[in-house]
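Text of the file data.cif, holding mmCIF, C-alpha atoms:
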data_input
loop_
_atom_site.label_atom_id
_atom_site.label_comp_id
_atom_site.auth_asym_id
_atom_site.auth_seq_id
_atom_site.Cartn_x
_atom_site.Cartn_y
_atom_site.Cartn_z
CA MET A 1 -2.52 -24.28 30.68
CA ASN A 2 -6.27 -24.69 31.00
CA ILE A 3 -8.00 -26.09 27.95
CA ASN A 4 -11.40 -24.69 27.04
CA LYS A 5 -13.26 -27.57 25.44
CA ASN A 6 -16.44 -25.56 25.03
CA LYS A 7 -15.86 -23.16 22.15
CA ASN A 8 -19.08 -21.34 23.06
CA LYS A 9 -17.76 -20.49 26.53
CA LYS A 10 -17.78 -16.78 27.30
CA LYS A 11 -14.57 -14.87 26.86
CA PRO A 12 -12.73 -13.94 30.05
CA ILE A 13 -13.07 -10.39 31.28
CA TRP A 14 -9.62 -9.34 30.05
CA LEU A 15 -10.71 -9.92 26.43
CA LYS A 16 -13.70 -7.60 26.53
CA VAL A 17 -13.26 -4.27 24.75
CA ARG A 18 -15.50 -1.33 24.02
CA LEU A 19 -16.77 -0.80 20.51
CA PRO A 20 -15.15 2.20 18.79
CA ILE A 21 -17.40 5.24 18.65
CA GLY A 22 -16.95 8.97 18.34
CA GLY A 23 -15.90 11.72 15.98
CA LYS A 24 -12.43 10.51 14.95
CA TYR A 25 -13.58 6.95 14.32
CA ASP A 26 -16.56 8.17 12.30
CA ASN A 27 -14.41 10.55 10.26
CA ILE A 28 -11.90 7.85 9.37
CA ASN A 29 -14.58 5.29 8.64
CA ASN A 30 -16.49 7.68 6.39
CA LEU A 31 -13.36 8.59 4.44
CA LEU A 32 -12.46 4.92 3.92
CA LEU A 33 -15.97 4.21 2.69
CA LYS A 34 -15.82 7.17 0.33
CA GLU A 35 -12.50 6.06 -1.15
CA LYS A 36 -13.61 2.39 -1.15
CA LEU A 37 -10.51 1.33 0.74
CA ASN A 38 -10.12 -1.77 2.88
CA THR A 39 -8.37 -2.09 6.22
CA ILE A 40 -7.23 -5.19 8.04
CA CYS A 41 -8.57 -3.42 11.13
CA LYS A 42 -12.16 -3.97 10.01
CA SER A 43 -11.75 -7.03 7.78
CA SER A 44 -10.17 -9.03 10.62
CA ASP A 45 -12.44 -7.66 13.39
CA CYS A 46 -9.42 -6.35 15.29
CA PRO A 47 -10.22 -5.55 18.96
CA ASN A 48 -7.74 -2.63 18.92
CA LEU A 49 -9.33 -0.75 16.05
CA GLY A 50 -10.53 2.15 18.17
CA THR A 51 -7.19 2.56 19.95
CA CYS A 52 -5.08 2.46 16.78
CA TRP A 53 -7.29 4.86 14.83
CA LYS A 54 -7.30 7.25 17.78
CA ASN A 55 -3.47 7.19 17.71
CA GLY A 56 -3.36 7.91 14.00
CA VAL A 57 -2.31 4.41 12.89
CA LEU A 58 -4.11 2.55 10.09
CA SER A 59 -3.51 -0.86 8.54
CA PHE A 60 -4.59 -0.88 4.91
CA LEU A 61 -5.56 -4.11 3.19
CA LEU A 62 -4.32 -4.12 -0.40
CA LEU A 63 -5.68 -6.01 -3.39
CA GLY A 64 -9.29 -6.26 -2.23
CA ASN A 65 -10.90 -7.96 0.74
CA ILE A 66 -11.30 -11.48 -0.64
CA CYS A 67 -8.43 -13.93 -0.19
CA THR A 68 -7.54 -16.91 -2.37
CA ARG A 69 -6.59 -18.91 0.72
CA SER A 70 -8.86 -20.21 3.46
CA CYS A 71 -6.82 -20.12 6.65
CA LYS A 72 -8.82 -21.56 9.54
CA PHE A 73 -8.01 -18.69 11.91
CA CYS A 74 -8.71 -15.73 9.64
CA ALA A 75 -11.83 -13.54 9.46
CA ILE A 76 -11.13 -12.33 5.91
CA LYS A 77 -13.49 -13.70 3.25
CA THR A 78 -12.29 -16.50 0.99
CA GLY A 79 -13.27 -16.90 -2.64
CA ASN A 80 -12.60 -15.56 -6.11
CA PRO A 81 -11.23 -12.02 -5.73
CA LYS A 82 -12.45 -9.17 -7.88
CA LYS A 83 -10.31 -7.43 -10.47
CA ILE A 84 -7.58 -5.37 -8.82
CA ASN A 85 -8.10 -1.65 -8.44
CA VAL A 86 -5.11 -0.05 -10.21
CA LEU A 87 -5.92 3.28 -8.56
CA GLU A 88 -5.64 1.83 -5.06
CA PRO A 89 -2.03 2.99 -4.46
CA TYR A 90 -2.96 6.59 -5.27
CA GLN A 91 -6.12 6.46 -3.18
CA ILE A 92 -4.26 5.07 -0.17
CA ALA A 93 -1.46 7.63 -0.47
CA LYS A 94 -3.97 10.47 -0.77
CA THR A 95 -5.82 9.20 2.30
CA VAL A 96 -2.61 8.88 4.32
CA LYS A 97 -1.70 12.48 3.48
CA LYS A 98 -5.19 13.88 4.09
CA MET A 99 -5.48 12.20 7.48
CA GLU A 100 -1.89 13.07 8.40
CA ILE A 101 -1.28 9.45 9.39
CA LYS A 102 2.07 9.20 11.17
CA HIS A 103 2.56 5.48 10.67
CA VAL A 104 0.85 3.23 8.16
CA VAL A 105 0.81 -0.56 8.03
CA LEU A 106 0.32 -2.11 4.61
CA THR A 107 -0.81 -5.69 4.30
CA SER A 108 -2.78 -7.67 1.73
CA VAL A 109 -4.87 -10.70 1.03
CA ASN A 110 -3.09 -13.55 -0.74
CA ARG A 111 -3.60 -13.19 -4.49
CA ASP A 112 -2.42 -16.56 -5.75
CA ASP A 113 -4.68 -15.99 -8.75
CA LEU A 114 -2.43 -13.22 -10.11
CA LYS A 115 0.74 -13.92 -12.05
CA ASP A 116 2.68 -11.36 -10.00
CA MET A 117 0.70 -12.17 -6.81
CA GLY A 118 0.02 -8.46 -6.43
CA ILE A 119 3.61 -7.24 -6.08
CA LYS A 120 3.12 -4.34 -8.54
CA ILE A 121 0.36 -2.87 -6.36
CA TRP A 122 2.53 -3.35 -3.27
CA ILE A 123 5.47 -1.48 -4.80
CA LYS A 124 3.35 1.30 -6.27
CA THR A 125 1.58 1.87 -2.93
CA ILE A 126 4.81 2.22 -0.97
CA ARG A 127 6.21 4.62 -3.57
CA GLU A 128 3.11 6.79 -3.70
CA ILE A 129 2.93 7.11 0.08
CA LYS A 130 6.59 8.14 0.23
CA LYS A 131 6.10 10.58 -2.62
CA ILE A 132 3.44 12.72 -0.94
CA SER A 133 3.63 11.91 2.77
CA ASN A 134 6.07 11.78 5.68
CA SER A 135 4.38 8.71 7.13
CA THR A 136 6.58 5.83 8.17
CA ILE A 137 5.66 2.44 6.70
CA GLU A 138 5.45 -1.15 7.82
CA ALA A 139 5.01 -3.74 5.09
CA LEU A 140 3.25 -6.79 6.55
CA ILE A 141 3.73 -9.08 3.58
CA PRO A 142 2.18 -12.42 2.56
CA ASP A 143 4.53 -15.27 1.68
CA PHE A 144 4.39 -14.71 -2.12
CA LYS A 145 4.76 -18.52 -2.29
CA GLY A 146 8.34 -18.05 -1.14
CA HIS A 147 9.50 -16.25 -4.29
CA LYS A 148 12.53 -14.29 -3.09
CA ASN A 149 12.59 -12.09 -6.21
CA LYS A 150 9.28 -10.55 -5.15
CA ILE A 151 10.42 -10.07 -1.57
CA ALA A 152 13.59 -8.42 -2.90
CA LEU A 153 11.41 -5.79 -4.59
CA ILE A 154 9.83 -4.93 -1.22
CA ILE A 155 13.28 -4.69 0.36
CA LYS A 156 14.40 -2.32 -2.41
CA GLU A 157 11.63 0.14 -1.45
CA HIS A 158 13.02 0.18 2.10
CA PRO A 159 9.95 0.56 4.33
CA GLU A 160 10.90 1.16 7.95
CA ILE A 161 9.70 -2.33 8.94
CA ILE A 162 9.04 -5.52 6.98
CA SER A 163 6.97 -8.11 8.79
CA HIS A 164 5.62 -11.55 8.03
CA ASN A 165 3.69 -13.61 10.56
CA LEU A 166 4.44 -17.20 11.46
CA GLU A 167 1.03 -17.22 13.22
CA THR A 168 1.57 -20.46 15.16
CA VAL A 169 3.98 -23.25 16.08
CA PRO A 170 5.22 -25.75 13.44
CA ARG A 171 2.90 -28.60 14.47
CA LEU A 172 -0.24 -26.50 14.03
CA THR A 173 0.73 -24.60 10.88
CA LYS A 174 -0.81 -27.08 8.45
CA LYS A 175 -4.04 -27.19 10.46
CA VAL A 176 -4.67 -23.46 10.55
CA ARG A 177 -2.70 -21.85 7.67
CA HIS A 178 -4.00 -22.90 4.27
CA ARG A 179 -1.17 -23.44 1.74
CA ALA A 180 1.36 -21.84 4.09
CA LYS A 181 4.49 -23.56 5.38
CA TYR A 182 6.29 -22.82 8.62
CA GLU A 183 9.78 -23.27 7.17
CA ARG A 184 8.92 -21.16 4.14
CA SER A 185 7.73 -18.31 6.32
CA LEU A 186 10.84 -18.60 8.45
CA SER A 187 13.06 -18.53 5.35
CA ILE A 188 11.35 -15.32 4.19
CA LEU A 189 12.17 -13.63 7.49
CA LYS A 190 15.78 -14.84 7.31
CA TYR A 191 16.11 -13.59 3.74
CA ILE A 192 14.89 -10.08 4.63
CA LYS A 193 17.38 -9.82 7.48
CA THR A 194 20.35 -11.14 5.53
CA LYS A 195 19.68 -8.87 2.55
CA SER A 196 18.98 -5.60 4.39
CA ASP A 197 19.30 -3.53 7.53
CA ILE A 198 15.52 -3.11 7.69
CA ARG A 199 13.87 -3.82 11.03
CA THR A 200 12.02 -7.16 10.89
CA LYS A 201 8.99 -8.42 12.74
CA THR A 202 6.77 -11.48 13.13
CA GLY A 203 3.84 -12.55 15.27
CA ILE A 204 2.20 -15.65 16.69
CA MET A 205 -1.17 -16.43 18.26
CA LEU A 206 -1.70 -18.45 21.42
CA GLY A 207 -4.68 -20.57 22.38
CA LEU A 208 -4.65 -22.85 19.33
CA GLY A 209 -3.55 -25.90 21.31
CA GLU A 210 0.20 -25.26 21.41
CA THR A 211 2.32 -26.35 24.36
CA GLU A 212 4.66 -24.08 26.30
CA LEU A 213 7.67 -25.98 24.97
CA GLU A 214 6.44 -25.48 21.39
CA VAL A 215 6.06 -21.74 22.02
CA ILE A 216 9.57 -21.48 23.45
CA ASN A 217 11.07 -23.46 20.54
CA THR A 218 9.26 -21.18 18.10
CA PHE A 219 10.78 -18.14 19.85
CA LYS A 220 14.18 -19.78 19.41
CA ASP A 221 13.57 -20.34 15.68
CA ILE A 222 12.62 -16.69 15.28
CA ARG A 223 15.68 -15.46 17.16
CA LYS A 224 17.94 -17.65 15.02
CA ALA A 225 16.55 -15.72 12.06
CA ASN A 226 17.70 -12.53 13.86
CA ILE A 227 14.21 -11.02 13.88
CA ASP A 228 13.91 -7.78 15.86
CA ILE A 229 10.25 -7.58 16.93
CA LEU A 230 7.84 -10.23 18.18
CA THR A 231 4.10 -9.88 18.78
CA ILE A 232 2.15 -12.43 20.81
CA GLY A 233 -1.63 -12.36 21.17
CA GLN A 234 -4.65 -14.49 22.02
CA TYR A 235 -6.35 -16.32 19.16
CA LEU A 236 -10.07 -15.61 18.92
CA ALA A 237 -12.20 -17.63 16.51
CA PRO A 238 -14.03 -15.27 14.10
CA THR A 239 -17.00 -17.65 13.80
CA LEU A 240 -18.02 -21.13 14.96
CA LYS A 241 -16.92 -22.42 11.54
CA HIS A 242 -13.32 -21.40 12.16
CA TYR A 243 -10.68 -23.27 14.11
CA PRO A 244 -11.89 -23.38 17.73
CA VAL A 245 -10.16 -21.65 20.61
CA LYS A 246 -8.47 -24.37 22.62
CA SER A 247 -7.50 -22.21 25.58
CA TYR A 248 -7.61 -18.67 26.91
CA ILE A 249 -4.15 -17.63 28.02
CA THR A 250 -4.00 -15.41 31.10
CA PRO A 251 -2.38 -11.95 31.07
CA GLN A 252 0.15 -13.30 33.57
CA LYS A 253 1.20 -16.02 31.12
CA PHE A 254 1.57 -13.44 28.37
CA LYS A 255 3.83 -11.40 30.65
CA TYR A 256 5.89 -14.54 31.32
CA TYR A 257 6.33 -15.11 27.57
CA LYS A 258 7.26 -11.44 27.05
CA ASN A 259 10.03 -11.59 29.64
CA LEU A 260 11.24 -14.88 28.22
CA ALA A 261 11.39 -13.44 24.69
CA LEU A 262 13.18 -10.28 25.84
CA ASP A 263 15.76 -12.44 27.62
CA MET A 264 16.35 -14.20 24.28
CA GLY A 265 17.37 -10.91 22.71
CA PHE A 266 14.36 -9.49 20.89
CA LEU A 267 14.52 -5.70 20.64
CA TYR A 268 10.79 -5.26 21.21
CA VAL A 269 8.06 -7.65 22.34
CA GLU A 270 4.31 -7.00 22.44
CA SER A 271 2.61 -9.70 24.49
CA ASN A 272 -0.89 -9.55 25.89
CA PRO A 273 -4.23 -11.13 25.03
CA LEU A 274 -5.38 -8.24 22.80
CA VAL A 275 -2.15 -7.88 20.83
CA ARG A 276 -2.42 -8.13 17.06
CA SER A 277 0.25 -7.61 14.39
CA SER A 278 -0.26 -3.86 14.23
CA TYR A 279 -0.66 -3.27 17.96
CA ASN A 280 1.51 -0.27 18.95
CA ALA A 281 3.04 -0.56 15.48
CA TYR A 282 4.19 3.07 15.43
CA GLN A 283 6.47 2.37 18.42
CA HIS A 284 8.31 -0.46 16.67
CA ILE A 285 10.34 1.78 14.38
CA TYR A 286 12.21 3.39 17.29
#
Will you turn the file into structure tokens for me?
Amino acid sequence: MNINKNKNKKKPIWLKVRLPIGGKYDNINNLLLKEKLNTICKSSDCPNLGTCWKNGVLSFLLLGNICTRSCKFCAIKTGNPKKINVLEPYQIAKTVKKMEIKHVVLTSVNRDDLKDMGIKIWIKTIREIKKISNSTIEALIPDFKGHKNKIALIIKEHPEIISHNLETVPRLTKKVRHRAKYERSLSILKYIKTKSDIRTKTGIMLGLGETELEVINTFKDIRKANIDILTIGQYLAPTLKHYPVKSYITPQKFKYYKNLALDMGFLYVESNPLVRSSYNAYQHIY
């Protein structure tokens, strides 16, 4: 694995994507601005934004766009979040119906400042979408500090998929995930699977300085938790202030990891440099 010691080095050709333009992108963007809704697509500078929106898949960001945690890999702003918008669940549901979105991913910033950590908004949003739309739902949840009673409430609403990202290997978790714990995240995934028949999913980034053995052992940990879907993508530093890219992993290496993971028994594996949590998300329910 080649290590890129110069974090200003140009990205390899396989990481270059076209900026989204055109009628459908503009229509969606204008509607989101009008409703004052946030998406992880834009807040995290996702390279697949244009592709997902074209395919009728959106990833809404609940509870504002300011996070109480300061993870070193994440593009979302950190600070003191604003007061929650109690109308957000209705606005999201209305937007999903109006746009005839076939599959919606719900995620959120961490709201450690709130007593309920935002679970009421989570539950209300899922319910409102189901009430007025036929859209399938993936709930990409934060760790809720490991409180199983809150995760149980998500399970009760029975979205088609519940996902929670490990993000990286155990050794690097403390360096890049503020206040998060590898074992806690793993226990959340195990809990979801043992308490329900809901399809489960997690994702990791490569290029943070992990070794191949660490990646393989992380795959094994995830399979022991009986997780169905795994996403693997290239880490890209949002700014020079974030954790630096240690290496650019080739498409061939991503293919190697995909085949390895499939051999371990995962039902579905997305693995290429541009993969993010919601990449091809609508295919993961089948």
Shell of 10 Å around A:Thr168, only C-alpha atoms, local chain residues under 5 positions omitted, as an MDAnalysis selection string: chainID A and resid 173:177 182 203:210 214:215 218 232 235
Kindly export the residues of the current selection with C-alpha atoms, as a PDB file, in the frame of the given file.
ATOM      1  CA  THR A 173       0.730 -24.600  10.880  1.00  0.00           C
ATOM      2  CA  LYS A 174      -0.810 -27.080   8.450  1.00  0.00           C
ATOM      3  CA  LYS A 175      -4.040 -27.190  10.460  1.00  0.00           C
ATOM      4  CA  VAL A 176      -4.670 -23.460  10.550  1.00  0.00           C
ATOM      5  CA  ARG A 177      -2.700 -21.850   7.670  1.00  0.00           C
ATOM      6  CA  TYR A 182       6.290 -22.820   8.620  1.00  0.00           C
ATOM      7  CA  GLY A 203       3.840 -12.550  15.270  1.00  0.00           C
ATOM      8  CA  ILE A 204       2.200 -15.650  16.690  1.00  0.00           C
ATOM      9  CA  MET A 205      -1.170 -16.430  18.260  1.00  0.00           C
ATOM     10  CA  LEU A 206      -1.700 -18.450  21.420  1.00  0.00           C
ATOM     11  CA  GLY A 207      -4.680 -20.570  22.380  1.00  0.00           C
ATOM     12  CA  LEU A 208      -4.650 -22.850  19.330  1.00  0.00           C
ATOM     13  CA  GLY A 209      -3.550 -25.900  21.310  1.00  0.00           C
ATOM     14  CA  GLU A 210       0.200 -25.260  21.410  1.00  0.00           C
ATOM     15  CA  GLU A 214       6.440 -25.480  21.390  1.00  0.00           C
ATOM     16  CA  VAL A 215       6.060 -21.740  22.020  1.00  0.00           C
ATOM     17  CA  THR A 218       9.260 -21.180  18.100  1.00  0.00           C
ATOM     18  CA  ILE A 232       2.150 -12.430  20.810  1.00  0.00           C
ATOM     19  CA  TYR A 235      -6.350 -16.320  19.160  1.00  0.00           C
TER      20      TYR A 235
END
Distance query 12 Å from (-18.8, -23.7, 11.9) using only C-alpha atoms, result as a VMD selection string: chain A and resid 7 to 8 72 to 73 237 to 244
Near A:Ile132, within 12 Å and counting only C-alpha atoms, which residues show up once chain neighbours fewer than 5 positions away are dropped, as a list in words? Pro89, Tyr90, Gln91, Ile92, Ala93, Lys94, Thr95, Val96, Lys97, Lys98, Glu100, Ile101, Thr125, Ile126 and Arg127 of chain A
Deliver the residues from the most recent selection as a file, using C-alpha atoms, as a tab-separated table (two decimals), keeping the file's coordinate frame.
chain	number	residue	atom	x	y	z
A	89	PRO	CA	-2.03	2.99	-4.46
A	90	TYR	CA	-2.96	6.59	-5.27
A	91	GLN	CA	-6.12	6.46	-3.18
A	92	ILE	CA	-4.26	5.07	-0.17
A	93	ALA	CA	-1.46	7.63	-0.47
A	94	LYS	CA	-3.97	10.47	-0.77
A	95	THR	CA	-5.82	9.20	2.30
A	96	VAL	CA	-2.61	8.88	4.32
A	97	LYS	CA	-1.70	12.48	3.48
A	98	LYS	CA	-5.19	13.88	4.09
A	100	GLU	CA	-1.89	13.07	8.40
A	101	ILE	CA	-1.28	9.45	9.39
A	125	THR	CA	1.58	1.87	-2.93
A	126	ILE	CA	4.81	2.22	-0.97
A	127	ARG	CA	6.21	4.62	-3.57
How far is it from atom CA of A:Thr250 to atom CA of A:Ile222, in Å with one decimal? 23.0 Å
Compile the contact shell of A:Ser59 as a PyMOL selection string: residues with an atom at most 8 Å away, counting all atoms listed in the file, same-chain residues fewer than 2 positions apart removed. chain A and resi 39-41+57+61+104-107+278
Option closest in space to A:Asp221, from A:Ile66, A:Ile123, A:Val109, A:Leu186 [counting all atoms listed in the file]: A:Leu186
Assuming 3 Å of padding per side, give the centre and edge lengths of the axis-aligned box around every listed atom of stretch 207-226 of chain A, in Å to one decimal and as lines of an AutoDock Vina configuration file.
center_x = 6.6
center_y = -19.4
center_z = 19.2
size_x = 28.6
size_y = 19.8
size_z = 20.2
Which value, in Å to one decimal, gives the distance between atom CA of A:Tyr257 and atom CA of A:Ser163? 20.1 Å
Determine, counting all atoms listed in the file, which protein, DNA and RNA residues have an atom within 7 Å of an atom of A:Gly146; residues of the same chain fewer than 2 positions away are not included. Present the result as a list in words. Asp143, Phe144, Lys148, Arg184 and Ile188 of chain A
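Counting all atoms listed in the file and comparing A:Leu32, A:Ile76, A:Ile192, A:Leu230, the residue that lies closest to A:Glu167 is A:Leu230.
Residues in contact range of A:Arg223, defined as at most 9 Å between only C-alpha atoms, with sequence neighbours fewer than 4 positions away removed, read Thr218, Phe219, Ile227, Asp228, Ala261, Met264, Gly265 and Phe266 of chain A.
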Name the residues, using the chain letters and numbers of the file, that sit within 6 Å of (4.0, 7.2, 7.0) when counting all atoms listed in the file, and give them as a count of residues only. 7
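Counting only C-alpha atoms, the residue from A:Lys120, A:Arg179, A:Lys220, A:His147 that sits nearest to A:Cys71 is A:Arg179.
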Please measure the separation of atom CA of A:Ala225 and atom CA of A:Leu166, giving the value in Å to one decimal. 12.2 Å
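Using all atoms listed in the file, the nearest neighbour of A:Lys10 within the list A:Leu189, A:Cys46, A:Cys52, A:Val245 is A:Val245.
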With the file shown as input, list the residues that the PyMOL selection byres ((chain A and resi 272-274) around 6) selects, as a count of residues only. 6
Residues in the PyMOL selection byres ((chain A and resi 158) around 12), expressed as a ChimeraX atom specification: /A:123,126-127,130,136-139,151-157,159-162,192,195-200
